[in-house]
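Note: the block below is protein13.txt and it holds compact mmCIF, C-alpha atoms.
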# COMPACT_ATOMS: atom_id res chain seq x y z
CA MET W 1 -10.81 -27.10 -17.73
CA GLY W 2 -10.17 -26.85 -13.99
CA TRP W 3 -10.56 -29.52 -11.34
CA ARG W 4 -13.23 -32.22 -11.16
CA ARG W 5 -14.37 -34.05 -8.03
CA LEU W 6 -15.02 -37.76 -8.57
CA ASP W 7 -16.04 -38.64 -5.02
CA SER W 8 -15.39 -37.66 -1.41
CA GLU W 9 -14.80 -39.71 1.73
CA GLN W 10 -14.70 -38.47 5.33
CA LEU W 11 -11.55 -39.73 7.02
CA HIS W 12 -12.04 -38.17 10.45
CA GLN W 13 -14.63 -36.24 12.42
CA GLY W 14 -13.39 -34.40 15.50
CA PRO W 15 -14.98 -31.82 17.78
CA PHE W 16 -13.62 -28.86 15.79
CA LEU W 17 -12.51 -30.14 12.41
CA SER W 18 -13.07 -32.96 9.98
CA LEU W 19 -10.74 -34.41 7.36
CA HIS W 20 -11.89 -35.43 3.89
CA ARG W 21 -10.26 -37.22 0.97
CA ASP W 22 -11.60 -36.44 -2.48
CA ARG W 23 -10.70 -38.35 -5.61
CA VAL W 24 -10.14 -35.70 -8.27
CA LEU W 25 -9.18 -35.02 -11.84
CA ARG W 26 -6.53 -32.31 -11.90
CA PRO W 27 -6.48 -29.44 -14.43
CA ASP W 28 -4.08 -31.49 -16.61
CA GLY W 29 -6.58 -34.38 -16.65
CA GLY W 30 -4.55 -36.62 -14.35
CA SER W 31 -6.26 -38.31 -11.41
CA GLY W 32 -5.24 -38.07 -7.78
CA VAL W 33 -6.45 -37.52 -4.24
CA TYR W 34 -6.96 -34.20 -2.49
CA ASP W 35 -7.05 -34.28 1.32
CA HIS W 36 -8.70 -31.26 2.88
CA VAL W 37 -9.92 -29.95 6.20
CA ALA W 38 -13.40 -28.71 7.02
CA VAL W 39 -13.54 -26.29 9.92
CA HIS W 40 -15.83 -23.37 10.77
CA ASP W 41 -14.96 -20.02 9.22
CA THR W 42 -12.98 -17.57 11.36
CA VAL W 43 -13.99 -14.01 12.20
CA ARG W 44 -11.62 -11.24 13.33
CA ILE W 45 -13.01 -7.95 14.63
CA VAL W 46 -11.42 -4.53 14.22
CA THR W 47 -13.03 -2.90 17.27
CA LEU W 48 -12.68 0.89 17.13
CA ASP W 49 -13.61 3.46 19.74
CA ASP W 50 -14.29 7.13 19.04
CA GLN W 51 -10.62 8.07 19.54
CA GLU W 52 -9.37 5.66 16.86
CA ASN W 53 -8.10 3.12 19.35
CA VAL W 54 -8.38 -0.56 18.46
CA LEU W 55 -8.90 -3.46 20.85
CA LEU W 56 -6.24 -6.20 20.85
CA VAL W 57 -6.32 -9.36 22.93
CA GLU W 58 -3.49 -11.66 23.89
CA ASP W 59 -3.70 -15.29 24.89
CA ASP W 60 -1.91 -18.62 24.76
CA PHE W 61 -1.95 -20.46 21.43
CA TYR W 62 -1.44 -24.16 21.77
CA LEU W 63 0.09 -24.98 18.38
CA GLN W 64 2.42 -21.97 18.42
CA ALA W 65 3.35 -22.61 22.07
CA ARG W 66 3.36 -18.89 22.83
CA ARG W 67 1.14 -15.96 23.63
CA MET W 68 -0.14 -14.18 20.54
CA LEU W 69 -1.40 -10.62 20.25
CA HIS W 70 -4.33 -10.46 17.85
CA LEU W 71 -7.69 -8.95 17.01
CA PRO W 72 -10.57 -10.45 19.01
CA GLY W 73 -12.43 -13.25 17.26
CA GLY W 74 -12.42 -16.94 16.64
CA GLY W 75 -14.47 -19.65 15.01
CA THR W 76 -17.87 -18.61 13.73
CA ASP W 77 -19.54 -21.81 14.95
CA GLY W 78 -21.46 -21.62 11.68
CA GLU W 79 -23.09 -18.27 12.48
CA ASP W 80 -22.99 -15.42 9.99
CA PRO W 81 -19.88 -13.26 10.43
CA ALA W 82 -21.66 -10.30 12.01
CA ALA W 83 -23.39 -12.49 14.61
CA ALA W 84 -20.15 -14.33 15.32
CA GLY W 85 -18.34 -11.01 15.67
CA ARG W 86 -20.92 -9.75 18.18
CA ARG W 87 -20.70 -12.97 20.20
CA GLU W 88 -16.89 -13.00 20.26
CA LEU W 89 -16.76 -9.33 21.26
CA ALA W 90 -19.11 -10.01 24.18
CA GLU W 91 -17.25 -13.16 25.24
CA GLU W 92 -13.73 -11.81 24.94
CA ALA W 93 -14.19 -8.16 25.91
CA GLY W 94 -17.65 -7.77 27.44
CA LEU W 95 -18.57 -5.21 24.79
CA VAL W 96 -21.68 -4.62 22.68
CA ALA W 97 -21.23 -3.01 19.24
CA ASP W 98 -23.86 -0.76 17.73
CA ARG W 99 -22.45 -1.39 14.24
CA ILE W 100 -20.69 -4.33 12.62
CA ASP W 101 -19.45 -3.57 9.10
CA HIS W 102 -17.93 -6.00 6.62
CA LEU W 103 -14.30 -5.24 5.82
CA ALA W 104 -13.13 -8.24 3.77
CA THR W 105 -13.57 -11.96 3.30
CA LEU W 106 -10.32 -13.84 2.71
CA ASP W 107 -9.08 -17.37 2.12
CA PRO W 108 -6.61 -18.06 4.94
CA LEU W 109 -5.09 -21.32 3.68
CA PRO W 110 -6.78 -22.08 0.38
CA GLY W 111 -4.84 -25.24 -0.46
CA VAL W 112 -5.88 -26.92 2.79
CA THR W 113 -9.36 -25.71 3.62
CA ALA W 114 -12.30 -23.94 2.01
CA ALA W 115 -12.97 -22.21 5.35
CA ARG W 116 -12.96 -18.45 5.05
CA LEU W 117 -11.69 -15.60 7.18
CA HIS W 118 -14.17 -12.78 7.75
CA LEU W 119 -12.88 -9.36 8.78
CA VAL W 120 -15.39 -6.97 10.29
CA VAL W 121 -15.26 -3.53 11.92
CA ALA W 122 -17.15 -2.97 15.19
CA THR W 123 -18.05 0.56 16.25
CA GLY W 124 -20.55 2.27 18.55
CA LEU W 125 -19.36 0.32 21.58
CA SER W 126 -20.97 0.05 24.98
CA PRO W 127 -20.41 -2.24 27.95
CA GLY W 128 -22.41 -5.47 27.79
CA ALA W 129 -24.70 -6.77 30.51
CA GLY W 130 -21.94 -8.77 32.12
CA THR W 131 -18.23 -9.32 32.31
CA PRO W 132 -16.33 -11.16 29.58
CA CYS W 133 -17.25 -14.83 29.42
CA ARG W 134 -14.10 -16.52 28.17
CA ASP W 135 -13.92 -20.25 27.62
CA GLY W 136 -11.41 -22.69 29.08
CA THR W 137 -8.89 -22.01 26.34
CA GLU W 138 -9.00 -18.24 26.91
CA ILE W 139 -8.59 -18.14 30.68
CA GLY W 140 -5.36 -16.11 30.52
CA MET W 141 -6.59 -13.66 27.89
CA THR W 142 -5.91 -9.97 28.33
CA ALA W 143 -7.57 -7.16 26.35
CA THR W 144 -5.94 -3.77 25.74
CA TRP W 145 -6.81 -0.67 23.72
CA TRP W 146 -4.10 0.41 21.29
CA PRO W 147 -3.89 3.56 19.17
CA LEU W 148 -4.58 2.22 15.67
CA GLY W 149 -1.24 3.52 14.37
CA GLN W 150 0.63 1.67 17.13
CA ALA W 151 -1.25 -1.56 16.40
CA VAL W 152 -0.30 -1.21 12.73
CA ALA W 153 3.30 -0.57 13.80
CA ALA W 154 3.15 -3.86 15.75
CA VAL W 155 2.32 -5.55 12.44
CA TYR W 156 5.38 -4.03 10.76
CA THR W 157 7.71 -4.96 13.61
CA GLY W 158 6.49 -8.56 13.48
CA ARG W 159 4.86 -8.64 16.92
CA ILE W 160 1.43 -9.36 15.40
CA THR W 161 1.66 -12.46 13.18
CA ASP W 162 -1.91 -13.78 13.03
CA ALA W 163 -2.73 -13.38 9.34
CA GLY W 164 -6.31 -12.27 9.95
CA SER W 165 -5.18 -9.62 12.43
CA VAL W 166 -2.46 -8.40 10.05
CA ALA W 167 -4.89 -8.10 7.14
CA GLY W 168 -7.64 -6.59 9.32
CA LEU W 169 -5.42 -3.89 10.75
CA LEU W 170 -3.80 -2.98 7.42
CA LEU W 171 -7.18 -2.83 5.68
CA ALA W 172 -8.77 -0.85 8.53
CA VAL W 173 -6.07 1.80 8.53
CA LYS W 174 -6.91 2.59 4.91
CA GLU W 175 -10.65 2.58 5.61
CA GLU W 176 -10.22 4.97 8.50
CA ARG W 177 -8.07 7.49 6.69
CA PRO W 178 -9.18 7.96 3.12
CA VAL W 179 -8.48 11.69 3.07
CA HIS W 180 -4.96 11.34 4.43
CA ARG W 181 -3.76 9.01 1.74
CA SER W 182 -1.93 10.68 -1.09
CA ASP W 183 0.09 7.67 -2.18
CA GLU W 184 -2.63 5.57 -3.83
CA ARG W 185 -2.47 5.16 -7.56
CA SER W 186 -6.01 3.99 -7.95
CA MET Y 1 -0.19 -21.30 32.97
CA GLY Y 2 -0.83 -22.00 29.27
CA TRP Y 3 -1.40 -25.29 27.52
CA ARG Y 4 0.26 -28.62 28.23
CA ARG Y 5 0.62 -31.53 25.81
CA LEU Y 6 0.09 -34.94 27.40
CA ASP Y 7 0.61 -37.06 24.28
CA SER Y 8 0.14 -36.99 20.52
CA GLU Y 9 -1.22 -39.54 18.07
CA GLN Y 10 -1.07 -39.39 14.26
CA LEU Y 11 -4.56 -40.03 12.86
CA HIS Y 12 -3.76 -39.74 9.14
CA GLN Y 13 -0.80 -39.35 6.83
CA GLY Y 14 -1.52 -38.19 3.30
CA PRO Y 15 0.69 -36.98 0.48
CA PHE Y 16 0.43 -33.32 1.47
CA LEU Y 17 -0.87 -33.18 5.03
CA SER Y 18 -1.11 -35.22 8.18
CA LEU Y 19 -3.65 -35.05 10.98
CA HIS Y 20 -2.73 -35.35 14.66
CA ARG Y 21 -4.71 -35.65 17.88
CA ASP Y 22 -3.03 -34.38 21.03
CA ARG Y 23 -4.35 -34.95 24.53
CA VAL Y 24 -3.90 -31.62 26.29
CA LEU Y 25 -4.43 -29.69 29.48
CA ARG Y 26 -6.10 -26.40 28.63
CA PRO Y 27 -5.11 -23.08 30.26
CA ASP Y 28 -7.92 -23.56 32.79
CA GLY Y 29 -6.47 -26.94 33.79
CA GLY Y 30 -9.21 -28.99 32.12
CA SER Y 31 -8.26 -31.88 29.86
CA GLY Y 32 -9.31 -32.37 26.26
CA VAL Y 33 -8.17 -33.25 22.78
CA TYR Y 34 -6.70 -30.89 20.19
CA ASP Y 35 -6.82 -32.07 16.57
CA HIS Y 36 -4.38 -30.28 14.29
CA VAL Y 37 -2.97 -30.43 10.80
CA ALA Y 38 0.69 -30.63 9.83
CA VAL Y 39 1.46 -29.31 6.36
CA HIS Y 40 4.49 -27.60 4.85
CA ASP Y 41 4.81 -23.88 5.34
CA THR Y 42 3.61 -21.62 2.51
CA VAL Y 43 5.66 -18.96 0.74
CA ARG Y 44 4.25 -16.02 -1.24
CA ILE Y 45 6.53 -13.86 -3.34
CA VAL Y 46 6.13 -10.13 -4.00
CA THR Y 47 8.03 -10.02 -7.30
CA LEU Y 48 8.90 -6.44 -8.25
CA ASP Y 49 10.47 -5.15 -11.44
CA ASP Y 50 12.32 -1.83 -11.76
CA GLN Y 51 9.12 0.04 -12.67
CA GLU Y 52 7.29 -1.01 -9.49
CA ASN Y 53 5.17 -3.61 -11.22
CA VAL Y 54 4.30 -6.77 -9.31
CA LEU Y 55 3.77 -10.23 -10.76
CA LEU Y 56 0.39 -11.87 -10.13
CA VAL Y 57 -0.63 -15.36 -11.21
CA GLU Y 58 -4.09 -16.81 -11.62
CA ASP Y 59 -5.08 -20.45 -11.54
CA ASP Y 60 -7.83 -22.85 -10.57
CA PHE Y 61 -8.21 -23.59 -6.85
CA TYR Y 62 -9.89 -26.88 -6.14
CA LEU Y 63 -11.44 -26.19 -2.74
CA GLN Y 64 -12.69 -22.73 -3.73
CA ALA Y 65 -13.95 -24.06 -7.10
CA ARG Y 66 -12.83 -20.92 -8.88
CA ARG Y 67 -9.83 -19.17 -10.38
CA MET Y 68 -7.92 -17.09 -7.87
CA LEU Y 69 -5.58 -14.18 -8.53
CA HIS Y 70 -2.62 -14.28 -6.14
CA LEU Y 71 1.07 -13.74 -5.60
CA PRO Y 72 3.23 -16.57 -6.96
CA GLY Y 73 4.19 -19.20 -4.40
CA GLY Y 74 3.03 -22.37 -2.75
CA GLY Y 75 4.19 -25.02 -0.33
CA THR Y 76 7.82 -24.79 0.76
CA ASP Y 77 8.32 -28.56 0.57
CA GLY Y 78 10.36 -28.09 3.74
CA GLU Y 79 12.92 -25.76 2.10
CA ASP Y 80 13.86 -22.46 3.68
CA PRO Y 81 11.57 -19.65 2.50
CA ALA Y 82 14.13 -17.96 0.21
CA ALA Y 83 14.93 -21.23 -1.57
CA ALA Y 84 11.26 -22.07 -1.88
CA GLY Y 85 10.58 -18.60 -3.23
CA ARG Y 86 13.30 -18.97 -5.88
CA ARG Y 87 11.98 -22.38 -6.91
CA GLU Y 88 8.37 -21.24 -7.13
CA LEU Y 89 9.34 -18.16 -9.14
CA ALA Y 90 11.22 -20.32 -11.63
CA GLU Y 91 8.43 -22.90 -11.85
CA GLU Y 92 5.53 -20.48 -12.11
CA ALA Y 93 7.08 -17.59 -14.06
CA GLY Y 94 10.40 -18.77 -15.47
CA LEU Y 95 12.22 -15.99 -13.59
CA VAL Y 96 15.44 -15.85 -11.59
CA ALA Y 97 15.68 -13.28 -8.78
CA ASP Y 98 18.96 -11.65 -7.83
CA ARG Y 99 17.59 -10.80 -4.39
CA ILE Y 100 15.05 -12.43 -2.08
CA ASP Y 101 14.29 -10.35 1.04
CA HIS Y 102 12.18 -11.37 4.02
CA LEU Y 103 9.02 -9.31 4.39
CA ALA Y 104 7.06 -11.08 7.15
CA THR Y 105 6.32 -14.46 8.67
CA LEU Y 106 2.69 -14.97 9.62
CA ASP Y 107 0.42 -17.61 11.12
CA PRO Y 108 -2.28 -18.25 8.49
CA LEU Y 109 -4.69 -20.36 10.55
CA PRO Y 110 -3.16 -20.67 14.01
CA GLY Y 111 -5.97 -22.68 15.62
CA VAL Y 112 -5.69 -25.44 13.03
CA THR Y 113 -2.03 -25.69 12.05
CA ALA Y 114 1.39 -24.55 13.22
CA ALA Y 115 2.41 -24.14 9.56
CA ARG Y 116 3.62 -20.64 8.80
CA LEU Y 117 3.21 -18.26 5.89
CA HIS Y 118 6.44 -16.65 4.67
CA LEU Y 119 6.24 -13.44 2.66
CA VAL Y 120 9.31 -12.48 0.64
CA VAL Y 121 10.19 -9.79 -1.89
CA ALA Y 122 12.01 -10.80 -5.09
CA THR Y 123 13.95 -8.19 -7.08
CA GLY Y 124 16.74 -8.07 -9.63
CA LEU Y 125 14.86 -10.32 -12.04
CA SER Y 126 16.14 -12.04 -15.15
CA PRO Y 127 14.74 -14.78 -17.38
CA GLY Y 128 15.62 -18.27 -16.23
CA ALA Y 129 17.26 -20.95 -18.35
CA GLY Y 130 13.92 -22.35 -19.46
CA THR Y 131 10.23 -21.72 -19.66
CA PRO Y 132 7.98 -22.01 -16.62
CA CYS Y 133 7.70 -25.59 -15.39
CA ARG Y 134 4.23 -25.78 -13.86
CA ASP Y 135 2.90 -28.97 -12.31
CA GLY Y 136 -0.32 -30.77 -13.14
CA THR Y 137 -2.37 -28.58 -10.81
CA GLU Y 138 -1.09 -25.36 -12.42
CA ILE Y 139 -1.62 -26.19 -16.08
CA GLY Y 140 -4.04 -23.30 -16.66
CA MET Y 141 -1.98 -20.74 -14.74
CA THR Y 142 -1.48 -17.30 -16.23
CA ALA Y 143 1.08 -14.72 -15.06
CA THR Y 144 0.63 -10.96 -15.50
CA TRP Y 145 2.54 -7.87 -14.41
CA TRP Y 146 0.41 -5.35 -12.50
CA PRO Y 147 1.32 -1.83 -11.37
CA LEU Y 148 1.71 -2.28 -7.61
CA GLY Y 149 -0.97 0.32 -6.89
CA GLN Y 150 -3.46 -1.54 -9.09
CA ALA Y 151 -2.68 -4.84 -7.39
CA VAL Y 152 -3.31 -3.20 -4.02
CA ALA Y 153 -6.55 -1.78 -5.39
CA ALA Y 154 -7.54 -5.35 -6.32
CA VAL Y 155 -7.15 -6.22 -2.63
CA TYR Y 156 -9.48 -3.40 -1.59
CA THR Y 157 -12.10 -4.30 -4.18
CA GLY Y 158 -12.08 -7.92 -2.98
CA ARG Y 159 -10.73 -9.47 -6.18
CA ILE Y 160 -7.64 -10.78 -4.36
CA THR Y 161 -8.72 -12.89 -1.38
CA ASP Y 162 -5.76 -15.17 -0.69
CA ALA Y 163 -4.68 -14.02 2.78
CA GLY Y 164 -0.97 -14.32 2.04
CA SER Y 165 -1.32 -12.27 -1.13
CA VAL Y 166 -3.39 -9.64 0.68
CA ALA Y 167 -0.85 -9.31 3.50
CA GLY Y 168 2.12 -9.42 1.12
CA LEU Y 169 0.80 -6.68 -1.13
CA LEU Y 170 -0.29 -4.41 1.73
CA LEU Y 171 3.04 -4.84 3.51
CA ALA Y 172 5.05 -4.35 0.31
CA VAL Y 173 3.33 -1.10 -0.59
CA LYS Y 174 4.52 0.37 2.70
CA GLU Y 175 8.04 -1.01 2.21
CA GLU Y 176 8.27 0.47 -1.25
CA ARG Y 177 7.09 3.93 -0.35
CA PRO Y 178 8.41 5.03 3.00
CA VAL Y 179 8.94 8.65 1.91
CA HIS Y 180 5.44 9.04 0.49
CA ARG Y 181 3.64 8.07 3.66
CA SER Y 182 2.51 10.97 5.78
CA ASP Y 183 -0.26 9.14 7.61
CA GLU Y 184 1.77 6.89 9.91
CA ARG Y 185 1.69 7.65 13.58
CA SER Y 186 4.70 5.62 14.48
What would the structure in this file look like if it were written as structure tokens?
Amino acid sequence: MGWRRLDSEQLHQGPFLSLHRDRVLRPDGGSGVYDHVAVHDTVRIVTLDDQENVLLVEDDFYLQARRMLHLPGGGTDGEDPAAAGRRELAEEAGLVADRIDHLATLDPLPGVTAARLHLVVATGLSPGAGTPCRDGTEIGMTATWWPLGQAVAAVYTGRITDAGSVAGLLLAVKEERPVHRSDERS
Amino acid sequence: MGWRRLDSEQLHQGPFLSLHRDRVLRPDGGSGVYDHVAVHDTVRIVTLDDQENVLLVEDDFYLQARRMLHLPGGGTDGEDPAAAGRRELAEEAGLVADRIDHLATLDPLPGVTAARLHLVVATGLSPGAGTPCRDGTEIGMTATWWPLGQAVAAVYTGRITDAGSVAGLLLAVKEERPVHRSDERS
């Protein structure tokens, strides 16, 4: 059964997002409208050095009106996730990664947007050609290396609230420590 | 320094979301516009029985054009998260929870919306007065009990992609098993 799209109209086109109204048939057969947002996918990068430290950045978020501690990353600008991850890592931390591995692809807010959230792991790090090249929204950004266990603890205490950073760190800690886990059922 | 809001204009008001354009000063002092979406917060419920099984539901998501397996929950309709969790659990599974405990409050897509994602744990379950009362978008929804470890495994295999369900399950597995974890640094 499922949903059916009858038609779609663009209500707004802005620099970063557009708004669309679709006329739909719902799973029960009733008709209605479904407003949704189109925005580039997001990438978040779990950047790990050889001592199992992870890079976290902190900057001012406009809508939350506070500084947020999170994994590096941002909008993909339509690039593939690995390319976007490399670009963001250079821009935000001045680092080049030898490897970018896929960790997960999630749906951050599936009732509002089809945009996806890509989580990647960056390893084999070296300094880039230049210093970080942050944009005008990131001018107060700081970058700090955290022991992975402490970053995960900052998830549990509620200091890290960005959903992509929470999922990335919790997934990475499993990936990093398969032999230490004795509590998995499957 | 941070961001400053100069003014705000509503561009669209729909049944479930509204779109706003703010004129802002960015952290670097430059001026620009910031389009953002206002939508009710989301709640996702980790519903646990006495045998450490967790309730998962599956239904058709319009924007993803596929069925998605996820924790019960949805928009809060402006209620507090515990009340919204109780309502969603009754509507989607016909269950009443004796306890609703806060697990985490996250920012699902912080560059696009200030709406938050509330994760709660429901325990002490009993059948409600009636059968599930699903709305027209949930007509094909199924609900199934999963051993918590298998639900977490479905996160790692990529079957569960809803960010709130991923974070809720990964956080709950830690909450449930503090004495079994030997791999935490802090």
Show me a table, sorted first by chain and then by increasing residue number, of the residues of chain W having an atom at most 7 Å from chain Y, each with its shortest atom pair and the distance in Å to one decimal, counting only C-alpha atoms and written as a Markdown table.
| residue | atom | partner | partner_atom | distance |
| --- | --- | --- | --- | --- |
| W:Gly2 | CA | Y:Asp60 | CA | 5.8 |
| W:Trp3 | CA | Y:Tyr62 | CA | 5.9 |
| W:Arg26 | CA | Y:Thr137 | CA | 5.7 |
| W:Pro27 | CA | Y:Thr137 | CA | 5.5 |
| W:Asp28 | CA | Y:Gly136 | CA | 5.2 |
| W:Asp60 | CA | Y:Gly2 | CA | 5.7 |
| W:Tyr62 | CA | Y:Trp3 | CA | 5.9 |
| W:Leu63 | CA | Y:Ala114 | CA | 5.3 |
| W:Gln64 | CA | Y:Ala114 | CA | 5.9 |
| W:Ala104 | CA | Y:Gly158 | CA | 6.8 |
| W:Thr105 | CA | Y:Thr161 | CA | 6.8 |
| W:Leu106 | CA | Y:Thr161 | CA | 4.5 |
| W:Asp107 | CA | Y:Asp162 | CA | 4.9 |
| W:Pro108 | CA | Y:Ala163 | CA | 5.0 |
| W:Leu109 | CA | Y:Pro108 | CA | 6.4 |
| W:Pro110 | CA | Y:Leu63 | CA | 7.0 |
| W:Thr113 | CA | Y:Leu63 | CA | 6.7 |
| W:Ala114 | CA | Y:Leu63 | CA | 5.3 |
| W:Gly136 | CA | Y:Asp28 | CA | 5.2 |
| W:Thr137 | CA | Y:Pro27 | CA | 5.5 |
| W:Ile139 | CA | Y:Asp28 | CA | 5.9 |
| W:Gly140 | CA | Y:Pro27 | CA | 7.0 |
| W:Gly149 | CA | Y:Arg185 | CA | 5.1 |
| W:Gln150 | CA | Y:Ser186 | CA | 6.3 |
| W:Ala153 | CA | Y:Ser186 | CA | 6.4 |
| W:Gly158 | CA | Y:Ala104 | CA | 6.8 |
| W:Thr161 | CA | Y:Leu106 | CA | 4.5 |
| W:Asp162 | CA | Y:Asp107 | CA | 4.9 |
| W:Ala163 | CA | Y:Pro108 | CA | 5.0 |
| W:Val166 | CA | Y:Ala167 | CA | 6.8 |
| W:Ala167 | CA | Y:Ala167 | CA | 5.6 |
| W:Leu170 | CA | Y:Leu170 | CA | 6.8 |
| W:His180 | CA | Y:Asp183 | CA | 6.1 |
| W:Arg181 | CA | Y:Asp183 | CA | 6.8 |
| W:Asp183 | CA | Y:His180 | CA | 6.1 |
| W:Glu184 | CA | Y:Gly149 | CA | 6.3 |
| W:Arg185 | CA | Y:Gly149 | CA | 5.1 |
| W:Ser186 | CA | Y:Gln150 | CA | 6.2 |
Please compute the CA of Leu48 in chain Y-CA of Arg134 in chain Y distance, one decimal, in Å.
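Answer for the CA of Leu48 in chain Y to CA of Arg134 in chain Y separation: 20.7 Å.
In this model, the gap between CA of Trp145 in chain Y and CA of Asp77 in chain Y comes to 26.2 Å.
Put simply, CA of His118 in chain Y is 15.5 Å away from CA of Arg99 in chain Y.
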Using only C-alpha atoms, find all polymer residues with an atom at most 8 Å away from the point (13.9, -8.8, -16.9); report them as a PyMOL selection string.
chain Y and resi 49+124-127
List as a list of chain:residue names the residues having at least one atom at most 12 Å from position (13.8, -23.4, -2.2) as given in the file, counting all atoms listed in the file.
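Here the neighbourhood of the point contains Y:Asp41, Y:Thr42, Y:Val43, Y:Gly73, Y:Gly74, Y:Gly75, Y:Thr76, Y:Asp77, Y:Gly78, Y:Glu79, Y:Asp80, Y:Pro81, Y:Ala82, Y:Ala83, Y:Ala84, Y:Gly85, Y:Arg86, Y:Arg87, Y:Glu88, Y:Leu89, Y:Ala90, Y:Glu91, Y:Ile100.
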If we count only C-alpha atoms, what is near Pro132 in chain Y at a cut-off of 6 Å, once residues fewer than 3 positions away on the same chain are taken out, given as a ChimeraX atom specification?
/Y:91-94
Could you check which of W:Glu58, W:Asp22, W:Asp50, W:Asp101 is closest to Ser8 in chain W, using all atoms listed in the file?
W:Asp22
